[in-house]
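Engineer: See run.cif below, with mmCIF, C-alpha atoms.
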data_final
#
loop_
_atom_site.label_atom_id
_atom_site.label_comp_id
_atom_site.auth_asym_id
_atom_site.auth_seq_id
_atom_site.Cartn_x
_atom_site.Cartn_y
_atom_site.Cartn_z
CA GLN A 23 0.00 0.00 0.00
CA LYS A 24 1.31 3.44 -0.93
CA GLU A 25 1.85 5.84 1.95
CA VAL A 26 -0.13 8.52 0.13
CA GLU A 27 -2.85 7.82 -2.42
CA GLN A 28 -4.11 10.48 -4.80
CA ASP A 29 -6.45 10.03 -7.74
CA PRO A 30 -4.47 11.13 -10.79
CA GLY A 31 -7.58 12.18 -12.72
CA PRO A 32 -7.58 13.86 -15.13
CA LEU A 33 -10.34 16.08 -13.81
CA SER A 34 -12.10 18.46 -16.20
CA VAL A 35 -14.59 21.05 -14.93
CA PRO A 36 -16.30 24.14 -16.34
CA GLU A 37 -15.25 27.58 -15.21
CA GLY A 38 -16.97 28.57 -11.96
CA ALA A 39 -17.30 25.02 -10.66
CA ILE A 40 -16.30 23.93 -7.18
CA VAL A 41 -13.39 21.51 -7.37
CA SER A 42 -12.61 18.90 -4.73
CA LEU A 43 -9.19 17.24 -4.68
CA ASN A 44 -8.38 14.52 -2.19
CA CYS A 45 -5.65 12.36 -0.75
CA THR A 46 -5.69 9.48 1.67
CA TYR A 47 -2.70 8.29 3.66
CA SER A 48 -1.71 5.37 5.82
CA ASN A 49 0.95 6.79 8.17
CA SER A 50 -0.77 8.12 11.29
CA ALA A 51 2.45 9.97 12.21
CA PHE A 52 1.94 12.57 9.48
CA GLN A 53 1.41 15.97 11.13
CA TYR A 54 1.97 18.55 8.39
CA PHE A 55 -0.15 18.52 5.25
CA MET A 56 0.57 20.53 2.15
CA TRP A 57 -0.86 21.20 -1.27
CA TYR A 58 1.51 22.08 -4.08
CA ARG A 59 0.45 23.30 -7.52
CA GLN A 60 2.49 22.51 -10.62
CA TYR A 61 1.89 24.29 -13.89
CA SER A 62 3.04 22.74 -17.13
CA ARG A 63 6.82 23.02 -17.64
CA LYS A 64 7.28 24.44 -14.14
CA GLY A 65 8.26 23.04 -10.77
CA PRO A 66 5.72 22.62 -7.95
CA GLU A 67 4.93 25.63 -5.76
CA LEU A 68 3.42 25.57 -2.29
CA LEU A 69 -0.24 26.56 -2.28
CA MET A 70 -1.25 25.91 1.33
CA TYR A 71 -0.21 23.96 4.37
CA THR A 72 -2.05 22.82 7.48
CA TYR A 73 -0.79 21.47 10.77
CA SER A 74 -2.75 18.56 12.23
CA SER A 75 -6.54 18.48 11.79
CA GLY A 76 -8.83 21.31 10.79
CA ASN A 77 -9.58 23.72 8.01
CA LYS A 78 -7.60 26.55 6.48
CA GLU A 79 -8.92 29.06 4.00
CA ASP A 80 -7.02 31.31 1.62
CA GLY A 81 -9.14 33.18 -0.89
CA ARG A 82 -10.84 30.67 -3.15
CA PHE A 83 -8.89 27.75 -1.67
CA THR A 84 -9.80 25.72 1.42
CA ALA A 85 -7.69 22.90 2.81
CA GLN A 86 -9.22 20.34 5.14
CA VAL A 87 -7.53 17.64 7.20
CA ASP A 88 -9.36 14.77 8.90
CA LYS A 89 -6.72 12.82 10.78
CA SER A 90 -9.23 10.34 12.17
CA SER A 91 -10.03 9.25 8.60
CA LYS A 92 -6.51 9.89 7.28
CA TYR A 93 -8.02 12.04 4.56
CA ILE A 94 -7.15 15.51 3.28
CA SER A 95 -8.95 17.70 0.78
CA LEU A 96 -8.41 20.86 -1.20
CA PHE A 97 -11.47 22.77 -2.36
CA ILE A 98 -11.31 25.41 -5.08
CA ARG A 99 -14.31 27.72 -5.33
CA ASP A 100 -15.24 29.62 -8.48
CA SER A 101 -12.58 27.75 -10.44
CA GLN A 102 -10.79 29.65 -13.20
CA PRO A 103 -8.94 28.47 -16.33
CA SER A 104 -5.77 29.73 -14.63
CA ASP A 105 -6.30 27.03 -11.97
CA SER A 106 -5.55 24.38 -14.62
CA ALA A 107 -2.50 22.56 -13.27
CA THR A 108 -1.42 19.42 -11.47
CA TYR A 109 -2.16 19.48 -7.74
CA LEU A 110 0.13 17.47 -5.47
CA CYS A 111 -0.60 16.66 -1.88
CA ALA A 112 2.39 16.25 0.41
CA MET A 113 2.82 15.44 4.06
CA ARG A 114 5.47 14.91 6.68
CA THR A 115 5.94 13.74 10.23
CA ASN A 116 7.60 15.44 13.17
CA ALA A 117 10.18 12.66 13.29
CA GLY A 118 13.83 13.48 13.71
CA GLY A 119 16.85 11.63 12.46
CA THR A 120 17.36 10.81 8.81
CA SER A 121 13.64 11.26 8.01
CA TYR A 122 13.52 14.78 9.43
CA GLY A 123 11.69 17.12 7.09
CA LYS A 124 11.10 14.47 4.44
CA LEU A 125 8.03 15.24 2.34
CA THR A 126 5.97 12.31 1.03
CA PHE A 127 4.02 13.26 -2.08
CA GLY A 128 0.92 11.92 -3.76
CA GLN A 129 1.19 11.33 -7.51
CA GLY A 130 -0.79 14.46 -8.34
CA THR A 131 -4.20 15.19 -9.87
CA ILE A 132 -4.33 16.85 -13.28
CA LEU A 133 -7.03 19.54 -13.30
CA THR A 134 -8.37 21.35 -16.35
CA VAL A 135 -10.84 24.21 -15.97
CA HIS A 136 -12.38 25.03 -19.34
CA PRO A 137 -14.01 28.38 -20.16
CA GLU B 24 10.30 32.82 -10.95
CA THR B 25 11.04 30.92 -7.75
CA GLY B 26 14.71 31.87 -7.42
CA VAL B 27 15.85 28.35 -8.27
CA THR B 28 17.34 27.79 -11.72
CA GLN B 29 18.24 24.54 -13.41
CA THR B 30 20.33 23.82 -16.48
CA PRO B 31 19.95 22.34 -18.95
CA ARG B 32 16.18 22.32 -19.30
CA HIS B 33 16.29 19.36 -21.67
CA LEU B 34 18.91 16.65 -22.05
CA VAL B 35 19.10 13.63 -24.30
CA MET B 36 21.90 11.20 -23.60
CA GLY B 37 22.99 7.72 -24.55
CA MET B 38 23.47 5.00 -21.99
CA THR B 39 27.26 5.34 -22.12
CA ASN B 40 27.41 9.13 -21.80
CA LYS B 41 28.40 11.17 -18.79
CA LYS B 42 26.53 14.40 -18.14
CA SER B 43 25.78 16.73 -15.24
CA LEU B 44 22.70 18.63 -14.15
CA LYS B 45 23.16 21.96 -12.43
CA CYS B 46 20.96 23.74 -9.91
CA GLU B 47 21.48 27.20 -8.44
CA GLN B 48 19.39 28.97 -5.84
CA HIS B 49 19.44 32.71 -5.17
CA LEU B 50 17.37 32.61 -2.00
CA GLY B 51 20.05 32.22 0.67
CA HIS B 52 18.70 28.81 1.64
CA ASN B 53 20.73 26.16 3.42
CA ALA B 54 18.98 22.98 2.32
CA MET B 55 18.87 21.66 -1.23
CA TYR B 56 17.15 18.62 -2.69
CA TRP B 57 17.09 16.47 -5.82
CA TYR B 58 13.78 14.84 -6.80
CA LYS B 59 12.82 12.53 -9.66
CA GLN B 60 9.37 12.99 -11.21
CA SER B 61 8.14 10.20 -13.49
CA ALA B 62 4.77 10.00 -15.21
CA LYS B 63 1.99 8.64 -12.99
CA LYS B 64 4.33 8.36 -9.99
CA PRO B 65 4.79 10.53 -6.90
CA LEU B 66 7.79 12.78 -6.59
CA GLU B 67 10.70 10.67 -5.38
CA LEU B 68 13.23 12.28 -3.09
CA MET B 69 16.75 11.35 -4.16
CA PHE B 70 19.22 13.40 -2.13
CA VAL B 71 19.17 16.05 0.58
CA TYR B 72 21.94 18.46 1.46
CA ASN B 73 21.80 20.62 4.59
CA PHE B 74 24.55 23.21 5.03
CA LYS B 75 26.49 21.46 2.23
CA GLU B 76 26.39 18.10 4.04
CA GLN B 77 24.54 15.20 2.49
CA THR B 78 21.93 14.12 5.00
CA GLU B 79 19.94 11.67 2.92
CA ASN B 80 20.55 9.28 0.08
CA ASN B 81 17.22 7.64 -0.63
CA SER B 82 18.61 4.33 -1.94
CA VAL B 83 19.59 5.94 -5.21
CA PRO B 84 21.72 3.87 -7.63
CA SER B 85 25.36 4.85 -7.80
CA ARG B 86 25.01 5.93 -11.43
CA PHE B 87 23.60 9.13 -9.91
CA SER B 88 26.22 11.10 -8.00
CA PRO B 89 25.36 14.39 -6.26
CA GLU B 90 27.74 17.22 -5.46
CA CYS B 91 27.12 20.30 -3.34
CA PRO B 92 30.17 22.61 -3.42
CA ASN B 93 28.36 25.38 -1.52
CA SER B 94 24.88 26.20 -0.23
CA SER B 95 23.87 27.87 -3.50
CA HIS B 96 24.87 25.18 -5.99
CA LEU B 97 23.90 21.56 -6.44
CA PHE B 98 24.94 19.16 -9.16
CA LEU B 99 23.75 15.74 -10.21
CA HIS B 100 26.38 13.79 -12.15
CA LEU B 101 25.00 11.08 -14.41
CA HIS B 102 26.84 8.12 -15.92
CA THR B 103 25.81 4.86 -17.58
CA LEU B 104 22.13 5.59 -17.14
CA GLN B 105 19.29 3.30 -18.14
CA PRO B 106 16.23 4.17 -20.27
CA GLU B 107 14.05 3.88 -17.14
CA ASP B 108 15.98 6.84 -15.70
CA SER B 109 14.23 9.09 -18.20
CA ALA B 110 12.20 11.55 -16.13
CA LEU B 111 11.94 15.15 -14.97
CA TYR B 112 14.65 15.92 -12.41
CA LEU B 113 13.68 18.68 -10.02
CA CYS B 114 15.91 20.64 -7.72
CA ALA B 115 14.45 22.37 -4.67
CA SER B 116 15.71 24.45 -1.77
CA SER B 117 14.39 25.55 1.61
CA PRO B 118 15.71 27.80 4.38
CA GLU B 119 16.62 24.71 6.37
CA ARG B 120 15.88 21.03 6.19
CA GLY B 121 12.43 20.49 7.66
CA ASN B 122 10.62 23.49 6.21
CA ASN B 123 7.22 22.69 4.73
CA GLU B 124 7.81 25.05 1.86
CA GLN B 125 10.36 23.95 -0.65
CA PHE B 126 11.10 26.14 -3.64
CA PHE B 127 11.41 24.16 -6.83
CA GLY B 128 13.24 24.86 -10.03
CA PRO B 129 11.61 24.18 -13.41
CA GLY B 130 13.37 20.84 -13.77
CA THR B 131 15.54 19.12 -16.36
CA ARG B 132 13.69 16.81 -18.74
CA LEU B 133 16.07 13.88 -19.21
CA THR B 134 15.73 11.29 -21.95
CA VAL B 135 18.05 8.28 -21.96
CA LEU B 136 18.24 6.47 -25.27
#
Mind turning this structure into structure tokens?
Structural biologist:
Amino acid sequence: QKEVEQDPGPLSVPEGAIVSLNCTYSNSAFQYFMWYRQYSRKGPELLMYTYSSGNKEDGRFTAQVDKSSKYISLFIRDSQPSDSATYLCAMRTNAGGTSYGKLTFGQGTILTVHP
Amino acid sequence: ETGVTQTPRHLVMGMTNKKSLKCEQHLGHNAMYWYKQSAKKPLELMFVYNFKEQTENNSVPSRFSPECPNSSHLFLHLHTLQPEDSALYLCASSPERGNNEQFFGPGTRLTVL
């Protein structure tokens, strides 16, 4: 079983739709949860991060973490064509030693928002 | 731009060639990373350097050899690669090892013939 599972899509939605992107994970030690966005021919960039359980909102983006279900989500409201990208979830533990700071990524979901 | 540059952007090499990938960050960060990104697979961490010291080698074959001469520069030396090594190689940096935000370069698209 992969440590982090993410549906690769592709996901295609009309402009203005609400988009829901999700990841599940198996390692209960994960404490920090991140969403990275990767445009075509670019490297990933951090969109949002959340510590432990709860919600975090930033403009049209909301990140949710449910540690009891080992499930994280990213919601995009009023989606725009400029949101078309690959969205990668990532997470890490608080562990020290050689694993300190190591990010474990999902495989990414390809999102297309069409006008 | 993220402040992390990578050269070359594209590289085609034969299995017997030797080549190097270069990464430079202009952010004053102390940690640098090499990742491999293959189609339909998660990002795979290859190497981590913190204050120029290698702190992680994620079971990477010896045909990949990293070098970090200073905190701003990172190299990945390649020799006798296999076709399955074809992928996008991403460099990233962060203020220190352990930061949630890593700043990625645009990557080098490598094709091994």
Engineer: Exactly which residues make up the result of the PyMOL selection byres ((chain B) within 8 of (chain A)) on this file, given as a ChimeraX atom specification?
Structural biologist: /B:63-67,78-79,113,120-130
Engineer: As a check of understanding, name the residues that the PyMOL selection byres ((chain B and resi 96-108) around 10) selects in the supplied structure, as a ChimeraX atom specification.
Structural biologist: /B:27-30,36-49,55-57,59,61,70,72,75,84-95,109-112,114-116,133-136
Engineer: A:Asn77: which residues within 7 Å, counting all atoms listed in the file, same-chain residues fewer than 3 positions away excluded, as an mmCIF file with C-alpha atoms, in the coordinates of the input?
Structural biologist:
data_model
loop_
_atom_site.group_PDB
_atom_site.id
_atom_site.type_symbol
_atom_site.label_atom_id
_atom_site.label_comp_id
_atom_site.auth_asym_id
_atom_site.auth_seq_id
_atom_site.Cartn_x
_atom_site.Cartn_y
_atom_site.Cartn_z
ATOM 1 C CA THR A 84 -9.800 25.720 1.420
ATOM 2 C CA ALA A 85 -7.690 22.900 2.810
ATOM 3 C CA GLN A 86 -9.220 20.340 5.140
ATOM 4 C CA VAL A 87 -7.530 17.640 7.200
#
Engineer: Apply the PyMOL selection byres ((chain A and resi 81) around 12) to the structure shown and report the selected residues as a list of chain:residue names.
Structural biologist: A:Leu69, A:Met70, A:Lys78, A:Glu79, A:Asp80, A:Arg82, A:Phe83, A:Thr84, A:Ala85, A:Phe97, A:Ile98, A:Arg99, A:Asp100, A:Ser101
Engineer: Have a look at atom CA of A:Thr46 and atom CA of A:Ile94 and let me know their distance in Å, one decimal.
Structural biologist: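 Separation of atom CA of A:Thr46 and atom CA of A:Ile94: 6.4 Å.
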Engineer: Rounded to one decimal in Å, what is the spacing between atom CA of B:Gln60 and atom CA of B:Glu119?
Structural biologist: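 Atom-to-atom, atom CA of B:Gln60 to atom CA of B:Glu119, that is 22.3 Å.
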Engineer: Quick check, in Å to one decimal: how far apart do atom CA of B:Arg32 and atom CA of B:Ala62 lie?
Structural biologist: 17.3 Å
Engineer: Tell me which of A:Tyr93, A:Asn49, A:Gly38, A:Asp29 sits closest to A:Tyr109, counting all atoms listed in the file.
Structural biologist: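 Closest to A:Tyr109 of all the choices is A:Asp29.
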